[in-house]
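Student: Data: start_17.txt, compact mmCIF, N, CA and C atoms.
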# COMPACT_ATOMS: atom_id res chain seq x y z
N MET A 300 94.33 118.46 84.43
CA MET A 300 93.71 117.29 85.01
C MET A 300 92.93 116.56 83.93
N THR A 301 93.02 115.24 83.95
CA THR A 301 92.29 114.44 82.98
C THR A 301 91.39 113.46 83.70
N LEU A 302 90.32 113.09 83.03
CA LEU A 302 89.39 112.10 83.57
C LEU A 302 89.81 110.73 83.07
N ASP A 303 90.05 109.81 83.95
CA ASP A 303 90.45 108.45 83.60
C ASP A 303 89.21 107.64 83.27
N THR A 304 88.80 107.68 82.00
CA THR A 304 87.56 107.02 81.60
C THR A 304 87.66 105.50 81.62
N LEU A 305 88.88 104.95 81.60
CA LEU A 305 89.03 103.49 81.67
C LEU A 305 88.63 102.95 83.04
N HIS A 306 88.80 103.77 84.07
CA HIS A 306 88.49 103.34 85.43
C HIS A 306 87.28 104.06 86.00
N PHE A 307 86.47 104.66 85.15
CA PHE A 307 85.26 105.36 85.56
C PHE A 307 84.18 104.31 85.79
N THR A 308 83.67 104.22 87.01
CA THR A 308 82.75 103.14 87.37
C THR A 308 81.48 103.68 88.02
N PRO A 309 80.63 104.36 87.25
CA PRO A 309 79.46 104.97 87.88
C PRO A 309 78.48 103.95 88.47
N TRP A 310 78.30 102.79 87.82
CA TRP A 310 77.32 101.84 88.33
C TRP A 310 77.81 101.14 89.59
N ALA A 311 79.09 100.78 89.61
CA ALA A 311 79.65 100.17 90.81
C ALA A 311 79.67 101.18 91.96
N SER A 312 79.96 102.43 91.64
CA SER A 312 79.98 103.47 92.67
C SER A 312 78.57 103.71 93.22
N LEU A 313 77.59 103.74 92.33
CA LEU A 313 76.20 103.91 92.76
C LEU A 313 75.76 102.74 93.65
N ALA A 314 76.09 101.52 93.21
CA ALA A 314 75.73 100.34 94.01
C ALA A 314 76.40 100.39 95.38
N GLY A 315 77.66 100.77 95.43
CA GLY A 315 78.37 100.87 96.70
C GLY A 315 77.74 101.92 97.60
N GLY A 316 77.39 103.07 97.02
CA GLY A 316 76.75 104.13 97.80
C GLY A 316 75.40 103.69 98.36
N VAL A 317 74.63 102.99 97.53
CA VAL A 317 73.33 102.49 97.99
C VAL A 317 73.51 101.49 99.13
N LEU A 318 74.50 100.60 99.00
CA LEU A 318 74.75 99.62 100.06
C LEU A 318 75.20 100.29 101.36
N VAL A 319 76.06 101.30 101.26
CA VAL A 319 76.50 102.03 102.46
C VAL A 319 75.29 102.71 103.10
N GLY A 320 74.46 103.35 102.29
CA GLY A 320 73.26 104.02 102.80
C GLY A 320 72.30 103.05 103.47
N LEU A 321 72.08 101.91 102.83
CA LEU A 321 71.18 100.91 103.41
C LEU A 321 71.73 100.36 104.73
N ALA A 322 73.03 100.12 104.77
CA ALA A 322 73.64 99.62 106.01
C ALA A 322 73.51 100.65 107.13
N ALA A 323 73.71 101.92 106.80
CA ALA A 323 73.60 102.98 107.81
C ALA A 323 72.16 103.09 108.32
N VAL A 324 71.20 103.01 107.40
CA VAL A 324 69.79 103.09 107.80
C VAL A 324 69.41 101.86 108.63
N TRP A 325 69.86 100.69 108.22
CA TRP A 325 69.55 99.47 108.94
C TRP A 325 70.09 99.52 110.36
N LEU A 326 71.35 99.98 110.51
CA LEU A 326 71.93 100.08 111.85
C LEU A 326 71.15 101.08 112.70
N MET A 327 70.76 102.19 112.12
CA MET A 327 70.02 103.22 112.87
C MET A 327 68.64 102.69 113.28
N LEU A 328 67.93 102.06 112.35
CA LEU A 328 66.58 101.57 112.66
C LEU A 328 66.60 100.36 113.60
N SER A 329 67.60 99.50 113.47
CA SER A 329 67.62 98.29 114.29
C SER A 329 68.17 98.51 115.69
N SER A 330 69.09 99.48 115.83
CA SER A 330 69.71 99.63 117.15
C SER A 330 69.82 101.08 117.62
N GLY A 331 69.43 102.03 116.76
CA GLY A 331 69.55 103.43 117.13
C GLY A 331 70.98 103.94 117.11
N ARG A 332 71.88 103.21 116.47
CA ARG A 332 73.30 103.56 116.43
C ARG A 332 73.67 104.25 115.12
N ILE A 333 74.67 105.10 115.20
CA ILE A 333 75.22 105.79 114.02
C ILE A 333 76.33 104.92 113.44
N ALA A 334 76.35 104.77 112.13
CA ALA A 334 77.37 103.96 111.46
C ALA A 334 78.64 104.77 111.24
N GLY A 335 79.18 105.33 112.29
CA GLY A 335 80.45 106.04 112.24
C GLY A 335 81.56 105.09 112.65
N ILE A 336 82.47 104.83 111.76
CA ILE A 336 83.49 103.81 111.99
C ILE A 336 84.36 104.14 113.20
N SER A 337 84.74 105.41 113.35
CA SER A 337 85.59 105.74 114.50
C SER A 337 84.88 105.47 115.82
N GLY A 338 83.59 105.73 115.88
CA GLY A 338 82.83 105.45 117.09
C GLY A 338 82.64 103.96 117.33
N ILE A 339 82.46 103.21 116.25
CA ILE A 339 82.28 101.76 116.37
C ILE A 339 83.58 101.12 116.87
N VAL A 340 84.69 101.49 116.24
CA VAL A 340 85.98 100.94 116.68
C VAL A 340 86.33 101.44 118.08
N GLY A 341 86.08 102.72 118.34
CA GLY A 341 86.36 103.27 119.66
C GLY A 341 85.60 102.55 120.76
N GLY A 342 84.39 102.11 120.46
CA GLY A 342 83.60 101.35 121.43
C GLY A 342 84.20 99.99 121.73
N LEU A 343 85.01 99.47 120.82
CA LEU A 343 85.69 98.20 121.07
C LEU A 343 86.90 98.38 121.97
N LEU A 344 87.45 99.57 122.01
CA LEU A 344 88.62 99.82 122.85
C LEU A 344 88.24 99.90 124.33
N ARG A 345 87.01 100.34 124.59
CA ARG A 345 86.47 100.37 125.96
C ARG A 345 85.12 99.67 125.94
N PRO A 346 85.14 98.34 125.84
CA PRO A 346 83.88 97.59 125.64
C PRO A 346 82.97 97.61 126.87
N ARG A 347 81.68 97.62 126.55
CA ARG A 347 80.64 97.48 127.59
C ARG A 347 79.89 96.18 127.34
N ALA A 348 79.39 95.60 128.39
CA ALA A 348 78.67 94.33 128.27
C ALA A 348 77.49 94.48 127.30
N GLY A 349 77.36 93.52 126.40
CA GLY A 349 76.25 93.51 125.45
C GLY A 349 76.43 94.48 124.29
N ASP A 350 77.58 95.14 124.20
CA ASP A 350 77.79 96.15 123.18
C ASP A 350 78.91 95.79 122.21
N VAL A 351 79.44 94.58 122.33
CA VAL A 351 80.59 94.20 121.53
C VAL A 351 80.20 93.47 120.26
N GLY A 352 79.20 92.60 120.33
CA GLY A 352 78.82 91.74 119.21
C GLY A 352 78.52 92.49 117.93
N TRP A 353 77.67 93.50 117.98
CA TRP A 353 77.31 94.21 116.77
C TRP A 353 78.50 95.01 116.22
N ARG A 354 79.35 95.50 117.12
CA ARG A 354 80.54 96.25 116.67
C ARG A 354 81.50 95.33 115.92
N VAL A 355 81.74 94.15 116.48
CA VAL A 355 82.63 93.18 115.84
C VAL A 355 82.03 92.75 114.50
N ALA A 356 80.74 92.48 114.47
CA ALA A 356 80.08 92.06 113.22
C ALA A 356 80.21 93.16 112.15
N PHE A 357 80.05 94.41 112.54
CA PHE A 357 80.16 95.52 111.60
C PHE A 357 81.58 95.59 111.02
N ILE A 358 82.59 95.52 111.89
CA ILE A 358 83.98 95.60 111.44
C ILE A 358 84.35 94.39 110.59
N VAL A 359 83.92 93.19 110.99
CA VAL A 359 84.18 91.99 110.18
C VAL A 359 83.52 92.13 108.80
N GLY A 360 82.32 92.67 108.76
CA GLY A 360 81.65 92.90 107.48
C GLY A 360 82.41 93.87 106.60
N LEU A 361 82.94 94.93 107.20
CA LEU A 361 83.75 95.88 106.43
C LEU A 361 85.00 95.22 105.86
N MET A 362 85.62 94.39 106.67
CA MET A 362 86.85 93.73 106.23
C MET A 362 86.57 92.60 105.23
N ALA A 363 85.42 91.96 105.34
CA ALA A 363 85.10 90.84 104.44
C ALA A 363 84.58 91.31 103.09
N ALA A 364 84.01 92.49 103.03
CA ALA A 364 83.40 92.97 101.79
C ALA A 364 84.35 92.94 100.58
N PRO A 365 85.58 93.40 100.69
CA PRO A 365 86.47 93.33 99.52
C PRO A 365 86.75 91.91 99.07
N TRP A 366 86.82 90.97 100.01
CA TRP A 366 87.06 89.58 99.65
C TRP A 366 85.85 89.01 98.90
N VAL A 367 84.66 89.36 99.33
CA VAL A 367 83.45 88.92 98.65
C VAL A 367 83.39 89.53 97.25
N TYR A 368 83.71 90.82 97.15
CA TYR A 368 83.71 91.49 95.84
C TYR A 368 84.72 90.84 94.91
N ARG A 369 85.89 90.52 95.44
CA ARG A 369 86.94 89.90 94.62
C ARG A 369 86.48 88.54 94.08
N ALA A 370 85.59 87.86 94.78
CA ALA A 370 85.11 86.56 94.33
C ALA A 370 84.19 86.68 93.12
N VAL A 371 83.58 87.84 92.92
CA VAL A 371 82.62 88.00 91.82
C VAL A 371 83.06 89.00 90.75
N ALA A 372 84.16 89.72 90.97
CA ALA A 372 84.58 90.72 90.01
C ALA A 372 86.10 90.79 89.94
N VAL A 373 86.59 91.34 88.86
CA VAL A 373 88.03 91.54 88.69
C VAL A 373 88.40 92.85 89.39
N VAL A 374 89.35 92.77 90.28
CA VAL A 374 89.78 93.93 91.05
C VAL A 374 91.09 94.43 90.45
N PRO A 375 91.17 95.71 90.09
CA PRO A 375 92.43 96.22 89.55
C PRO A 375 93.54 96.20 90.60
N GLU A 376 94.75 96.06 90.15
CA GLU A 376 95.90 96.06 91.05
C GLU A 376 96.06 97.42 91.70
N ALA A 377 96.21 97.43 93.01
CA ALA A 377 96.37 98.69 93.74
C ALA A 377 97.80 99.18 93.60
N GLN A 378 97.95 100.49 93.43
CA GLN A 378 99.27 101.10 93.36
C GLN A 378 99.29 102.27 94.34
N ILE A 379 100.17 102.20 95.31
CA ILE A 379 100.28 103.25 96.32
C ILE A 379 101.56 104.02 96.06
N ASP A 380 101.44 105.29 95.75
CA ASP A 380 102.59 106.13 95.43
C ASP A 380 103.01 106.97 96.63
N ALA A 381 103.13 106.33 97.77
CA ALA A 381 103.54 107.04 98.98
C ALA A 381 104.42 106.12 99.81
N SER A 382 105.30 106.72 100.57
CA SER A 382 106.18 105.95 101.43
C SER A 382 105.42 105.47 102.66
N THR A 383 106.00 104.51 103.34
CA THR A 383 105.39 104.02 104.58
C THR A 383 105.29 105.15 105.60
N ALA A 384 106.33 105.98 105.67
CA ALA A 384 106.32 107.10 106.62
C ALA A 384 105.19 108.07 106.31
N MET A 385 104.96 108.35 105.02
CA MET A 385 103.88 109.27 104.64
C MET A 385 102.52 108.66 104.97
N LEU A 386 102.36 107.36 104.74
CA LEU A 386 101.10 106.71 105.07
C LEU A 386 100.84 106.72 106.57
N LEU A 387 101.88 106.47 107.36
CA LEU A 387 101.73 106.51 108.82
C LEU A 387 101.38 107.92 109.29
N GLY A 388 102.07 108.92 108.73
CA GLY A 388 101.77 110.31 109.08
C GLY A 388 100.35 110.69 108.71
N ALA A 389 99.92 110.27 107.53
CA ALA A 389 98.56 110.56 107.08
C ALA A 389 97.53 109.89 108.00
N GLY A 390 97.81 108.65 108.38
CA GLY A 390 96.91 107.94 109.28
C GLY A 390 96.79 108.63 110.63
N LEU A 391 97.92 109.09 111.16
CA LEU A 391 97.89 109.81 112.43
C LEU A 391 97.12 111.12 112.32
N LEU A 392 97.30 111.84 111.21
CA LEU A 392 96.56 113.08 111.01
C LEU A 392 95.05 112.82 110.88
N VAL A 393 94.69 111.76 110.18
CA VAL A 393 93.27 111.41 110.07
C VAL A 393 92.70 111.07 111.45
N GLY A 394 93.45 110.30 112.22
CA GLY A 394 93.01 109.97 113.57
C GLY A 394 92.85 111.21 114.43
N PHE A 395 93.80 112.14 114.33
CA PHE A 395 93.72 113.39 115.08
C PHE A 395 92.49 114.20 114.65
N GLY A 396 92.27 114.29 113.34
CA GLY A 396 91.11 115.02 112.83
C GLY A 396 89.80 114.39 113.24
N THR A 397 89.77 113.07 113.26
CA THR A 397 88.57 112.36 113.70
C THR A 397 88.26 112.68 115.15
N ARG A 398 89.29 112.72 115.97
CA ARG A 398 89.11 113.04 117.39
C ARG A 398 88.70 114.51 117.56
N LEU A 399 89.36 115.38 116.82
CA LEU A 399 89.07 116.81 116.89
C LEU A 399 87.64 117.12 116.43
N GLY A 400 87.20 116.43 115.37
CA GLY A 400 85.87 116.67 114.82
C GLY A 400 84.77 115.84 115.45
N SER A 401 85.11 115.09 116.48
CA SER A 401 84.14 114.22 117.17
C SER A 401 83.43 113.28 116.22
N GLY A 402 84.17 112.72 115.30
CA GLY A 402 83.59 111.75 114.37
C GLY A 402 84.36 111.69 113.08
N CYS A 403 84.00 110.73 112.25
CA CYS A 403 84.71 110.49 111.00
C CYS A 403 83.82 110.81 109.80
N THR A 404 84.35 110.57 108.63
CA THR A 404 83.61 110.87 107.40
C THR A 404 82.32 110.07 107.30
N SER A 405 82.34 108.83 107.77
CA SER A 405 81.10 108.04 107.70
C SER A 405 80.08 108.53 108.71
N GLY A 406 80.52 108.86 109.89
CA GLY A 406 79.58 109.34 110.91
C GLY A 406 78.99 110.68 110.56
N HIS A 407 79.83 111.62 110.16
CA HIS A 407 79.34 112.96 109.83
C HIS A 407 78.82 113.03 108.39
N GLY A 408 79.64 112.55 107.44
CA GLY A 408 79.30 112.70 106.02
C GLY A 408 78.14 111.87 105.55
N VAL A 409 78.02 110.66 106.04
CA VAL A 409 76.93 109.79 105.60
C VAL A 409 75.73 109.91 106.54
N CYS A 410 75.97 109.66 107.81
CA CYS A 410 74.86 109.61 108.76
C CYS A 410 74.42 110.99 109.23
N GLY A 411 75.38 111.85 109.56
CA GLY A 411 75.03 113.18 110.07
C GLY A 411 74.31 114.04 109.05
N LEU A 412 74.81 114.04 107.82
CA LEU A 412 74.16 114.86 106.78
C LEU A 412 72.75 114.36 106.48
N SER A 413 72.58 113.04 106.49
CA SER A 413 71.25 112.50 106.21
C SER A 413 70.25 112.83 107.32
N ARG A 414 70.78 113.13 108.54
CA ARG A 414 69.91 113.54 109.65
C ARG A 414 69.79 115.07 109.72
N LEU A 415 70.34 115.76 108.71
CA LEU A 415 70.30 117.23 108.62
C LEU A 415 70.98 117.90 109.83
N SER A 416 72.07 117.31 110.29
CA SER A 416 72.83 117.85 111.41
C SER A 416 73.74 118.99 110.95
N TRP A 417 73.57 120.17 111.55
CA TRP A 417 74.42 121.31 111.21
C TRP A 417 75.86 121.03 111.60
N ARG A 418 76.07 120.40 112.74
CA ARG A 418 77.41 120.08 113.19
C ARG A 418 78.10 119.16 112.18
N SER A 419 77.36 118.19 111.65
CA SER A 419 77.93 117.29 110.65
C SER A 419 78.20 118.01 109.33
N LEU A 420 77.35 118.96 108.98
CA LEU A 420 77.60 119.74 107.77
C LEU A 420 78.90 120.52 107.90
N VAL A 421 79.10 121.18 109.03
CA VAL A 421 80.33 121.94 109.25
C VAL A 421 81.54 121.00 109.24
N ALA A 422 81.43 119.87 109.93
CA ALA A 422 82.53 118.91 109.96
C ALA A 422 82.85 118.39 108.56
N THR A 423 81.83 118.06 107.79
CA THR A 423 82.04 117.55 106.44
C THR A 423 82.69 118.60 105.55
N LEU A 424 82.22 119.84 105.63
CA LEU A 424 82.84 120.92 104.86
C LEU A 424 84.30 121.12 105.27
N CYS A 425 84.58 121.00 106.54
CA CYS A 425 85.97 121.16 107.02
C CYS A 425 86.87 120.05 106.53
N PHE A 426 86.42 118.78 106.63
CA PHE A 426 87.33 117.74 106.17
C PHE A 426 87.44 117.68 104.66
N MET A 427 86.40 118.09 103.94
CA MET A 427 86.52 118.18 102.48
C MET A 427 87.50 119.28 102.09
N ALA A 428 87.39 120.44 102.73
CA ALA A 428 88.31 121.55 102.45
C ALA A 428 89.74 121.16 102.78
N ALA A 429 89.93 120.48 103.91
CA ALA A 429 91.28 120.03 104.29
C ALA A 429 91.83 119.05 103.25
N GLY A 430 90.98 118.17 102.75
CA GLY A 430 91.42 117.23 101.71
C GLY A 430 91.80 117.93 100.42
N PHE A 431 90.97 118.88 99.98
CA PHE A 431 91.28 119.64 98.76
C PHE A 431 92.59 120.40 98.92
N LEU A 432 92.74 121.06 100.06
CA LEU A 432 93.95 121.84 100.33
C LEU A 432 95.19 120.94 100.37
N THR A 433 95.06 119.79 100.99
CA THR A 433 96.19 118.86 101.07
C THR A 433 96.61 118.39 99.68
N VAL A 434 95.66 118.01 98.85
CA VAL A 434 95.99 117.58 97.49
C VAL A 434 96.65 118.71 96.71
N TYR A 435 96.13 119.92 96.83
CA TYR A 435 96.71 121.06 96.12
C TYR A 435 98.15 121.30 96.57
N VAL A 436 98.37 121.33 97.87
CA VAL A 436 99.71 121.59 98.39
C VAL A 436 100.68 120.48 97.97
N VAL A 437 100.27 119.22 98.18
CA VAL A 437 101.17 118.10 97.90
C VAL A 437 101.46 117.97 96.41
N ARG A 438 100.45 118.09 95.58
CA ARG A 438 100.66 117.88 94.13
C ARG A 438 101.18 119.11 93.41
N HIS A 439 100.69 120.29 93.77
CA HIS A 439 101.03 121.47 92.98
C HIS A 439 102.11 122.34 93.59
N LEU A 440 102.15 122.46 94.88
CA LEU A 440 103.17 123.29 95.50
C LEU A 440 104.43 122.49 95.82
N LEU A 441 104.27 121.28 96.26
CA LEU A 441 105.43 120.44 96.59
C LEU A 441 105.86 119.54 95.43
N GLY A 442 104.98 119.39 94.41
CA GLY A 442 105.30 118.60 93.23
C GLY A 442 105.38 117.11 93.48
N MET A 443 104.71 116.62 94.51
CA MET A 443 104.73 115.20 94.83
C MET A 443 103.44 114.55 94.34
N GLY A 444 103.45 113.25 94.18
CA GLY A 444 102.21 112.53 93.87
C GLY A 444 101.96 112.42 92.38
N SER A 445 100.86 111.80 92.06
CA SER A 445 100.46 111.51 90.68
C SER A 445 99.83 112.72 90.02
N SER A 446 99.91 112.79 88.71
CA SER A 446 99.29 113.90 87.97
C SER A 446 97.89 113.58 87.52
N VAL A 447 97.46 112.31 87.70
CA VAL A 447 96.11 111.92 87.29
C VAL A 447 95.15 112.05 88.45
Will you turn the file into structure tokens for me?
Tutor:
Amino acid sequence: MTLDTLHFTPWASLAGGVLVGLAAVWLMLSSGRIAGISGIVGGLLRPRAGDVGWRVAFIVGLMAAPWVYRAVAVVPEAQIDASTAMLLGAGLLVGFGTRLGSGCTSGHGVCGLSRLSWRSLVATLCFMAAGFLTVYVVRHLLGMGSSV
């Protein structure tokens, strides 16, 4: 394994992490809500009166952020080394895991851990382990994917 120092972006990563943390804290302090994307989107599928506006604003903000970033910085060209079928399968597995774990990486990993939730710690350890195992199996046992 090699470290790709040309694309190593510690300052941009730090800034992004700080912004995610601030957004999560702001949502919690302003409305008492957890910034878990699966819960926010799930709430739009079964909307309640007075509960749609902030959810839509959050999702629009998530979708607009890359466009805003692109206006002020050079964005490298994305390269996806997977078939459409593999991406669809991966998306379904992530959705299943989100449902099974009662939350997503943002809800458990960002918000839950910061609240010192044991359930979120276990969930985060489980999805991290599953990710490590998947990369190992796909890249080293099956020989698929990138070597970087």
Student: Which distance in Å separates CA of Gly406 in chain A and CA of Arg347 in chain A, to one decimal?
Tutor: 20.5 Å
Student: Could you check which of A:Gly341, A:Gly408, A:His439, A:Tyr368 is closest to Leu424 in chain A, using only N, CA and C atoms?
Tutor: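 Using only N, CA and C atoms, Leu424 in chain A sits closest to A:Gly408.
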Student: Hey, can you check how far CA of Met327 in chain A sits from atom C of Ser405 in chain A?
Tutor: 12.1 Å
Student: Could you tell me which of A:Gly442, A:Gly342, A:Gly335, A:Gly360 comes closest to Thr404 in chain A if we count all atoms listed in the file?
Tutor: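 Residue with the minimum atom-to-atom distance to Thr404 in chain A: A:Gly335.
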Student: Counting all atoms listed in the file, which of A:Gly316, A:Gly338, A:Gly430, A:Gly331 gets nearest to Gly402 in chain A?
Tutor: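 Nearest candidate to Gly402 in chain A out of A:Gly316, A:Gly338, A:Gly430, A:Gly331: A:Gly338.
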Student: Between atom C of Ser312 in chain A and atom C of Val409 in chain A, what is the spacing in Å?
Tutor: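 Between atom C of Val409 in chain A and atom C of Ser312 in chain A the gap works out to 15.0 Å.
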Student: To test your reading of the structure, identify every residue in chain A that backbone DSSP assigns to helix (DSSP H, G or I), and report it as number ranges by chain.
Tutor: A: 304-306, 309-330, 336-344, 352-371, 383-399, 404-413, 417-440
